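work-v9.cif (mmCIF, C-alpha atoms) appears below.
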```
data_target
loop_
_atom_site.label_atom_id
_atom_site.label_comp_id
_atom_site.auth_asym_id
_atom_site.auth_seq_id
_atom_site.Cartn_x
_atom_site.Cartn_y
_atom_site.Cartn_z
CA ILE A 1 -1.10 -30.52 -15.32
CA LEU A 2 1.53 -27.86 -16.13
CA LYS A 3 3.54 -27.44 -19.29
CA GLU A 4 5.82 -24.81 -20.73
CA PRO A 5 3.97 -22.22 -22.83
CA SER A 6 4.85 -22.55 -26.49
CA MET A 7 5.98 -18.89 -26.69
CA ASN A 8 5.35 -18.96 -30.45
CA ASP A 9 1.98 -17.24 -30.45
CA ASN A 10 1.90 -13.90 -32.27
CA ASN A 11 -0.42 -12.30 -29.73
CA VAL A 12 1.20 -9.99 -27.18
CA VAL A 13 -0.88 -11.87 -24.60
CA PHE A 14 -1.93 -15.45 -25.22
CA VAL A 15 -3.43 -18.37 -23.32
CA GLU A 16 -2.23 -21.97 -23.07
CA ARG A 17 -4.79 -24.53 -21.86
CA LEU A 18 -4.16 -27.90 -20.24
CA ASP A 19 -7.04 -29.62 -18.43
CA GLY A 20 -8.36 -27.14 -15.84
CA LEU A 21 -5.29 -24.89 -15.99
CA ALA A 22 -5.12 -21.74 -18.11
CA THR A 23 -1.69 -20.10 -18.44
CA VAL A 24 -1.81 -16.44 -19.48
CA VAL A 25 1.47 -15.35 -21.06
CA LEU A 26 2.73 -11.78 -21.42
CA ASN A 27 4.44 -12.24 -24.76
CA ARG A 28 7.04 -9.62 -25.63
CA PRO A 29 10.20 -11.48 -24.63
CA ASP A 30 12.41 -9.28 -26.81
CA LYS A 31 11.30 -6.32 -24.63
CA LEU A 32 11.32 -8.35 -21.37
CA ASN A 33 7.50 -8.24 -21.63
CA ALA A 34 7.32 -4.47 -21.16
CA LEU A 35 3.66 -3.52 -21.00
CA ASN A 36 2.19 -1.52 -23.87
CA LYS A 37 -1.31 -0.38 -24.75
CA GLU A 38 -2.09 -3.45 -26.84
CA MET A 39 -1.05 -5.74 -23.97
CA TRP A 40 -3.23 -3.97 -21.43
CA ALA A 41 -6.27 -4.17 -23.71
CA ARG A 42 -5.67 -7.82 -24.56
CA LEU A 43 -4.97 -8.80 -20.94
CA GLY A 44 -8.26 -7.38 -19.71
CA GLN A 45 -10.27 -9.20 -22.35
CA VAL A 46 -8.44 -12.49 -21.74
CA PHE A 47 -9.34 -12.47 -18.05
CA ILE A 48 -12.93 -11.43 -18.72
CA ASP A 49 -13.25 -14.42 -21.06
CA LEU A 50 -11.58 -16.83 -18.63
CA ASP A 51 -13.89 -15.68 -15.83
CA LYS A 52 -16.85 -16.98 -17.84
CA ASP A 53 -15.24 -20.36 -18.52
CA GLU A 54 -16.71 -23.05 -16.25
CA THR A 55 -13.93 -25.52 -17.10
CA VAL A 56 -11.16 -23.36 -15.61
CA ARG A 57 -9.95 -24.34 -12.15
CA CYS A 58 -6.76 -22.28 -11.90
CA ILE A 59 -4.99 -19.53 -13.86
CA VAL A 60 -1.25 -18.83 -13.96
CA LEU A 61 0.02 -15.42 -15.11
CA ARG A 62 3.61 -15.45 -16.37
CA GLY A 63 5.99 -13.72 -18.71
CA ALA A 64 7.40 -15.24 -21.89
CA GLY A 65 10.99 -16.38 -21.47
CA GLU A 66 12.91 -16.72 -18.23
CA LYS A 67 14.10 -13.16 -17.63
CA ALA A 68 11.02 -11.27 -16.49
CA LEU A 69 7.36 -11.16 -15.68
CA GLY A 70 7.91 -7.60 -16.81
CA PRO A 71 10.04 -4.45 -16.31
CA GLY A 72 7.01 -2.16 -16.23
CA ALA A 73 5.72 0.19 -18.90
CA ASP A 74 7.10 0.48 -22.40
CA ILE A 75 8.57 3.97 -22.01
CA LYS A 76 8.82 4.46 -25.78
CA GLU A 77 5.01 4.67 -25.87
CA PHE A 78 4.81 7.68 -23.59
CA GLU A 79 5.41 10.33 -26.25
CA MET A 80 2.45 9.18 -28.34
CA GLU A 81 0.09 7.41 -25.94
CA ARG A 82 0.63 9.17 -22.59
CA ALA A 83 1.92 12.59 -23.56
CA ASN A 84 -0.59 14.50 -21.41
CA SER A 85 -3.19 13.93 -18.69
CA SER A 86 -6.05 13.47 -21.18
CA LYS A 87 -4.26 10.74 -23.14
CA ALA A 88 -2.89 9.19 -19.96
CA SER A 89 -6.35 8.94 -18.36
CA GLU A 90 -7.70 7.09 -21.41
CA TYR A 91 -4.69 4.77 -21.29
CA GLY A 92 -5.27 4.34 -17.57
CA LYS A 93 -8.78 3.04 -18.19
CA LEU A 94 -7.30 0.09 -20.07
CA MET A 95 -4.90 -0.57 -17.20
CA HIS A 96 -7.66 -0.40 -14.60
CA LYS A 97 -9.91 -2.68 -16.65
CA ALA A 98 -7.16 -5.30 -16.90
CA MET A 99 -6.28 -5.14 -13.21
CA ALA A 100 -9.94 -5.33 -12.20
CA ALA A 101 -10.47 -8.30 -14.52
CA ILE A 102 -7.67 -10.18 -12.76
CA ALA A 103 -8.74 -9.21 -9.25
CA GLU A 104 -12.41 -10.01 -9.89
CA CYS A 105 -11.88 -13.17 -11.91
CA ARG A 106 -13.68 -15.88 -9.95
CA HIS A 107 -10.96 -18.50 -10.49
CA PRO A 108 -7.75 -18.68 -8.39
CA VAL A 109 -4.95 -16.73 -10.09
CA ILE A 110 -1.24 -17.35 -9.42
CA ALA A 111 1.53 -15.01 -10.57
CA ARG A 112 4.67 -16.91 -11.62
CA ILE A 113 7.60 -14.55 -11.19
CA GLN A 114 11.08 -15.14 -12.56
CA GLY A 115 13.54 -12.29 -13.00
CA LEU A 116 12.23 -8.72 -13.18
CA CYS A 117 8.86 -7.88 -11.64
CA VAL A 118 8.90 -4.10 -11.69
CA GLY A 119 6.39 -1.29 -12.10
CA GLY A 120 3.23 -2.40 -13.89
CA ALA A 121 4.28 -6.05 -13.68
CA LEU A 122 4.36 -5.80 -9.89
CA GLU A 123 0.98 -4.08 -9.97
CA LEU A 124 -0.39 -7.05 -11.93
CA ALA A 125 1.19 -9.56 -9.55
CA ALA A 126 -0.30 -7.71 -6.58
CA VAL A 127 -3.87 -8.23 -7.80
CA CYS A 128 -3.34 -11.95 -8.36
CA ASP A 129 -4.42 -14.23 -5.50
CA LEU A 130 -1.04 -15.91 -4.97
CA ARG A 131 2.53 -15.11 -5.97
CA ILE A 132 5.44 -17.55 -6.28
CA ALA A 133 8.88 -16.29 -7.28
CA SER A 134 12.34 -17.62 -8.03
CA ASP A 135 15.09 -16.52 -5.67
CA ASN A 136 16.75 -14.43 -8.40
CA SER A 137 13.68 -12.25 -8.95
CA ARG A 138 13.78 -8.49 -8.43
CA PHE A 139 11.02 -6.11 -7.47
CA GLY A 140 10.19 -2.43 -7.22
CA ILE A 141 8.07 0.45 -8.50
CA PRO A 142 10.51 3.28 -9.32
CA VAL A 143 7.89 5.56 -10.90
CA ASN A 144 9.12 8.59 -8.93
CA ARG A 145 12.26 8.45 -11.10
CA LEU A 146 10.02 9.10 -14.13
CA GLY A 147 7.84 11.78 -12.57
CA LEU A 148 4.93 9.34 -12.66
CA VAL A 149 2.19 8.71 -10.11
CA MET A 150 0.48 5.39 -9.39
CA SER A 151 -3.23 6.11 -9.62
CA HIS A 152 -5.73 5.14 -6.93
CA TYR A 153 -6.82 1.93 -8.65
CA GLU A 154 -3.23 0.89 -9.32
CA MET A 155 -2.17 1.57 -5.74
CA ALA A 156 -5.20 -0.18 -4.21
CA GLY A 157 -3.96 -3.69 -4.97
CA LEU A 158 -0.54 -2.97 -3.51
CA ILE A 159 -1.95 -1.45 -0.31
CA GLU A 160 -4.43 -4.31 0.08
CA LEU A 161 -1.50 -6.72 -0.17
CA VAL A 162 1.17 -5.11 2.04
CA GLY A 163 -0.52 -2.20 3.82
CA LYS A 164 -0.14 1.56 3.52
CA SER A 165 3.29 1.96 5.13
CA ILE A 166 5.10 -0.73 3.12
CA ALA A 167 3.41 0.43 -0.08
CA LEU A 168 4.58 3.98 0.52
CA GLU A 169 8.10 2.78 1.34
CA ILE A 170 8.24 0.99 -2.03
CA LEU A 171 6.97 4.11 -3.82
CA PHE A 172 8.95 6.74 -1.86
CA GLU A 173 12.30 4.93 -2.15
CA GLY A 174 11.76 3.74 -5.71
CA ARG A 175 14.51 1.13 -5.36
CA ILE A 176 14.80 -2.38 -6.74
CA PHE A 177 14.99 -5.15 -4.12
CA ASN A 178 15.42 -8.91 -4.06
CA ALA A 179 12.98 -11.78 -3.57
CA GLU A 180 13.86 -12.31 0.09
CA GLU A 181 12.96 -8.73 0.91
CA ALA A 182 9.81 -8.98 -1.21
CA TYR A 183 8.77 -12.04 0.78
CA ASN A 184 9.50 -10.30 4.09
CA LYS A 185 7.42 -7.32 2.99
CA GLY A 186 4.47 -9.62 2.30
CA LEU A 187 4.56 -9.32 -1.49
CA LEU A 188 5.11 -13.06 -2.03
CA ASN A 189 3.56 -16.29 -0.80
CA LYS A 190 6.60 -18.37 -1.64
CA VAL A 191 10.22 -17.96 -2.79
CA VAL A 192 12.01 -20.99 -4.25
CA LEU A 193 15.26 -21.76 -6.03
CA GLU A 194 15.10 -20.88 -9.70
CA LYS A 195 15.54 -24.52 -10.70
CA ASP A 196 12.57 -25.51 -8.51
CA LEU A 197 10.17 -22.76 -9.61
CA ASP A 198 8.06 -24.76 -12.04
CA LEU A 199 8.07 -27.87 -9.85
CA GLU A 200 6.74 -25.86 -6.90
CA LEU A 201 4.27 -24.05 -9.15
CA ARG A 202 3.03 -27.38 -10.48
CA SER A 203 2.42 -28.58 -6.92
CA MET A 204 0.43 -25.44 -6.09
CA VAL A 205 -1.68 -25.79 -9.23
CA GLU A 206 -2.36 -29.48 -8.63
CA ARG A 207 -3.50 -28.85 -5.04
CA ILE A 208 -5.81 -26.05 -6.16
CA CYS A 209 -7.25 -28.07 -9.05
CA ALA A 210 -7.81 -31.06 -6.75
CA GLY A 211 -10.19 -28.99 -4.61
CA ALA A 212 -13.83 -28.31 -5.36
CA PRO A 213 -13.83 -25.44 -7.90
CA LEU A 214 -17.07 -23.95 -6.59
CA VAL A 215 -15.58 -23.79 -3.10
CA ASN A 216 -12.44 -22.02 -4.38
CA ARG A 217 -14.63 -19.47 -6.17
CA TRP A 218 -16.76 -18.89 -3.05
CA HIS A 219 -13.69 -18.45 -0.87
CA LYS A 220 -12.26 -15.88 -3.28
CA ARG A 221 -15.54 -13.94 -3.36
CA PHE A 222 -15.89 -14.04 0.44
CA ALA A 223 -12.29 -12.89 0.94
CA GLN A 224 -12.87 -9.93 -1.38
CA ARG A 225 -16.07 -9.05 0.45
CA ILE A 226 -14.32 -9.16 3.83
CA VAL A 227 -11.37 -7.03 2.68
CA ARG A 228 -13.72 -4.44 1.20
CA GLY A 229 -15.64 -4.09 4.45
CA LEU A 230 -18.22 -6.84 3.94
CA SER A 231 -20.94 -4.62 2.50
CA ALA A 232 -22.20 -1.09 3.09
CA GLY A 233 -22.10 -0.36 6.81
CA GLY A 234 -19.82 -3.30 7.50
CA LYS A 235 -22.67 -5.82 7.70
CA LEU A 236 -23.64 -8.71 5.49
CA SER A 237 -27.00 -8.79 3.80
CA GLU A 238 -29.26 -11.78 4.47
CA ASP A 239 -28.50 -13.12 0.99
CA GLU A 240 -24.76 -12.82 1.63
CA VAL A 241 -25.09 -14.72 4.92
CA LEU A 242 -27.09 -17.50 3.23
CA GLU A 243 -24.50 -17.73 0.45
CA GLY A 244 -22.10 -19.15 3.02
CA PHE A 245 -24.25 -22.29 3.21
CA GLU A 246 -25.10 -22.85 -0.47
CA CYS A 247 -22.24 -25.35 -0.76
CA PHE A 248 -24.40 -27.90 1.08
CA ASP A 249 -26.72 -28.01 -1.94
CA THR A 250 -23.96 -28.89 -4.42
CA SER A 251 -23.00 -32.22 -5.95
CA ASP A 252 -19.40 -31.47 -4.99
CA PHE A 253 -20.35 -31.46 -1.30
CA GLN A 254 -22.01 -34.85 -1.67
CA GLU A 255 -18.94 -36.18 -3.48
CA GLY A 256 -16.50 -34.60 -1.01
CA TYR A 257 -17.85 -35.96 2.23
CA LYS A 258 -18.67 -39.37 0.77
CA ALA A 259 -15.14 -39.67 -0.62
CA PHE A 260 -13.78 -38.79 2.82
CA LEU A 261 -15.88 -41.50 4.50
CA GLU A 262 -14.93 -44.00 1.80
CA LYS A 263 -11.23 -43.10 2.11
CA ARG A 264 -10.78 -42.23 -1.58
CA GLU A 265 -9.86 -39.16 -3.60
CA PRO A 266 -12.91 -37.02 -4.51
CA LYS A 267 -13.78 -36.34 -8.14
CA PHE A 268 -15.37 -32.91 -8.24
CA SER A 269 -17.61 -31.88 -11.14
CA GLY A 270 -17.97 -28.21 -10.31
CA LYS A 271 -21.72 -28.59 -9.79
#
```

What do you get writing this file as structure tokens?
Amino acid sequence: ILKEPSMNDNNVVFVERLDGLATVVLNRPDKLNALNKEMWARLGQVFIDLDKDETVRCIVLRGAGEKALGPGADIKEFEMERANSSKASEYGKLMHKAMAAIAECRHPVIARIQGLCVGGALELAAVCDLRIASDNSRFGIPVNRLGLVMSHYEMAGLIELVGKSIALEILFEGRIFNAEEAYNKGLLNKVVLEKDLDLELRSMVERICAGAPLVNRWHKRFAQRIVRGLSAGGKLSEDEVLEGFECFDTSDFQEGYKAFLEKREPKFSGK
């Protein structure tokens, strides 16, 4: 269910499809996949489109090549695209749109991390649902060395993932750290040997795709609702409460419990 991306697409961000898996590739390997304006715009649209696709069961976000998910921003763009607060705020809207599209995409999203995962790349990984990394990966957000600030929307995903204190440690110190420390800080779900990365990723994808896709989408939506304080006032609306029981009206529920009783693997249709 998992194959290597072809890496020959001309788009700075492209999608490989195989059955229910969509692999989104940051595709500037000659620049270690440094994020530029075109990439941010393309990335947001890709995830908006994938969100609408009923056939998708899992999405993997990765970098082209084996050296990096990304080293952060393409600094050479700053002089033209982010030279002042007005230009930077317009640029930031593209970043926020892309990060929101990943975070709000209804399908499970896994970040595959190998090598550098720094700055904006770590921000992207933080808004994915799961993160798996090779043991030679490196992490950090050294924006204070550039006189740059992470905006509210950029920082939100990091704080949601590791909490305020750890997020501020990463930002205050601005240092690059290894995968073991990233795991201990709560940035990663799993760290594996580099040679085992794709095998372990394949296992994660297969387990996710074997589950009922509607259930995975509900669980993601419920988790987001809980983290964001349920709803206004910290209480669920009546419709939100009832949504927790809609699964009983699905074909997948009928298939799931009957397959269990019949001691066979379920075949979910997503309906």

Exercise. Evaluate the PyMOL selection byres ((chain A and resi 189) around 9) on the structure here and hand back the selected residues as a VMD selection string.
Key: chain A and resid 130 to 133 183 186 to 188 190 to 191

Quiz item: Taking all atoms listed in the file into account, which of A:Leu193, A:Leu148, A:Cys58, A:Leu161 comes nearest Gln114 (chain A)?
Solution: A:Leu193

Quiz prompt | All residues 12 Å or closer to Phe177 (chain A), all atoms listed in the file, same chain fewer than 3 positions away omitted, as a count of residues only | solution = 23

Write out as JSON lines a residue-level contact list of region 29-144 of chain A versus region 210-214 of chain A with cut-off 10 Å: for each qualifying residue the closest pair of atoms and the distance in Å to one decimal, counting only C-alpha atoms, rows sorted by chain and residue number upward.
```
{"residue": "A:Glu54", "atom": "CA", "partner": "A:Pro213", "partner_atom": "CA", "distance": 9.2}
{"residue": "A:Thr55", "atom": "CA", "partner": "A:Pro213", "partner_atom": "CA", "distance": 9.2}
{"residue": "A:Val56", "atom": "CA", "partner": "A:Pro213", "partner_atom": "CA", "distance": 8.4}
{"residue": "A:Arg57", "atom": "CA", "partner": "A:Pro213", "partner_atom": "CA", "distance": 5.9}
{"residue": "A:Cys58", "atom": "CA", "partner": "A:Pro213", "partner_atom": "CA", "distance": 8.7}
{"residue": "A:Arg106", "atom": "CA", "partner": "A:Leu214", "partner_atom": "CA", "distance": 9.4}
{"residue": "A:His107", "atom": "CA", "partner": "A:Pro213", "partner_atom": "CA", "distance": 7.9}
{"residue": "A:Pro108", "atom": "CA", "partner": "A:Pro213", "partner_atom": "CA", "distance": 9.1}
```

Practice problem: Could you tell me how far CA of Trp218 (chain A) lies from CA of Ala111 (chain A), in Å and to one decimal? | Solution: 20.2 Å

Quiz item: Taking the file as shown, what set of residues would the PyMOL selection byres ((chain A and resi 34) around 10) give back, as number ranges by chain?
Solution: A: 26-33, 35-36, 39, 63, 68-75, 118-121

Could you rebuild region 90-101 of chain A with N, CA, C and O atoms and give me the result as a PDB file, keeping the file's coordinate frame?
```pdb
ATOM      1  N   GLU A  90      -7.091   8.089 -20.530  1.00  0.00           N
ATOM      2  CA  GLU A  90      -7.700   7.090 -21.410  1.00  0.00           C
ATOM      3  C   GLU A  90      -6.894   5.794 -21.375  1.00  0.00           C
ATOM      4  O   GLU A  90      -7.458   4.696 -21.344  1.00  0.00           O
ATOM      5  N   TYR A  91      -5.581   5.932 -21.399  1.00  0.00           N
ATOM      6  CA  TYR A  91      -4.690   4.770 -21.290  1.00  0.00           C
ATOM      7  C   TYR A  91      -4.915   4.074 -19.949  1.00  0.00           C
ATOM      8  O   TYR A  91      -4.972   2.850 -19.864  1.00  0.00           O
ATOM      9  N   GLY A  92      -5.064   4.885 -18.898  1.00  0.00           N
ATOM     10  CA  GLY A  92      -5.270   4.340 -17.570  1.00  0.00           C
ATOM     11  C   GLY A  92      -6.520   3.489 -17.458  1.00  0.00           C
ATOM     12  O   GLY A  92      -6.552   2.520 -16.691  1.00  0.00           O
ATOM     13  N   LYS A  93      -7.548   3.838 -18.228  1.00  0.00           N
ATOM     14  CA  LYS A  93      -8.780   3.040 -18.190  1.00  0.00           C
ATOM     15  C   LYS A  93      -8.526   1.605 -18.637  1.00  0.00           C
ATOM     16  O   LYS A  93      -9.114   0.666 -18.093  1.00  0.00           O
ATOM     17  N   LEU A  94      -7.657   1.432 -19.625  1.00  0.00           N
ATOM     18  CA  LEU A  94      -7.300   0.090 -20.070  1.00  0.00           C
ATOM     19  C   LEU A  94      -6.558  -0.665 -18.973  1.00  0.00           C
ATOM     20  O   LEU A  94      -6.791  -1.856 -18.746  1.00  0.00           O
ATOM     21  N   MET A  95      -5.642   0.036 -18.302  1.00  0.00           N
ATOM     22  CA  MET A  95      -4.900  -0.570 -17.200  1.00  0.00           C
ATOM     23  C   MET A  95      -5.835  -1.007 -16.084  1.00  0.00           C
ATOM     24  O   MET A  95      -5.751  -2.122 -15.568  1.00  0.00           O
ATOM     25  N   HIS A  96      -6.742  -0.102 -15.708  1.00  0.00           N
ATOM     26  CA  HIS A  96      -7.660  -0.400 -14.600  1.00  0.00           C
ATOM     27  C   HIS A  96      -8.596  -1.550 -14.952  1.00  0.00           C
ATOM     28  O   HIS A  96      -8.912  -2.380 -14.105  1.00  0.00           O
ATOM     29  N   LYS A  97      -9.030  -1.587 -16.208  1.00  0.00           N
ATOM     30  CA  LYS A  97      -9.910  -2.680 -16.650  1.00  0.00           C
ATOM     31  C   LYS A  97      -9.191  -4.017 -16.536  1.00  0.00           C
ATOM     32  O   LYS A  97      -9.766  -5.005 -16.072  1.00  0.00           O
ATOM     33  N   ALA A  98      -7.929  -4.051 -16.959  1.00  0.00           N
ATOM     34  CA  ALA A  98      -7.160  -5.300 -16.900  1.00  0.00           C
ATOM     35  C   ALA A  98      -6.925  -5.734 -15.459  1.00  0.00           C
ATOM     36  O   ALA A  98      -7.088  -6.911 -15.112  1.00  0.00           O
ATOM     37  N   MET A  99      -6.548  -4.789 -14.600  1.00  0.00           N
ATOM     38  CA  MET A  99      -6.280  -5.140 -13.210  1.00  0.00           C
ATOM     39  C   MET A  99      -7.547  -5.583 -12.504  1.00  0.00           C
ATOM     40  O   MET A  99      -7.532  -6.535 -11.709  1.00  0.00           O
ATOM     41  N   ALA A 100      -8.668  -4.932 -12.792  1.00  0.00           N
ATOM     42  CA  ALA A 100      -9.940  -5.330 -12.200  1.00  0.00           C
ATOM     43  C   ALA A 100     -10.358  -6.713 -12.691  1.00  0.00           C
ATOM     44  O   ALA A 100     -10.898  -7.522 -11.918  1.00  0.00           O
ATOM     45  N   ALA A 101     -10.094  -6.999 -13.968  1.00  0.00           N
ATOM     46  CA  ALA A 101     -10.470  -8.300 -14.520  1.00  0.00           C
ATOM     47  C   ALA A 101      -9.710  -9.425 -13.832  1.00  0.00           C
ATOM     48  O   ALA A 101     -10.257 -10.510 -13.605  1.00  0.00           O
TER      49      ALA A 101
END
```
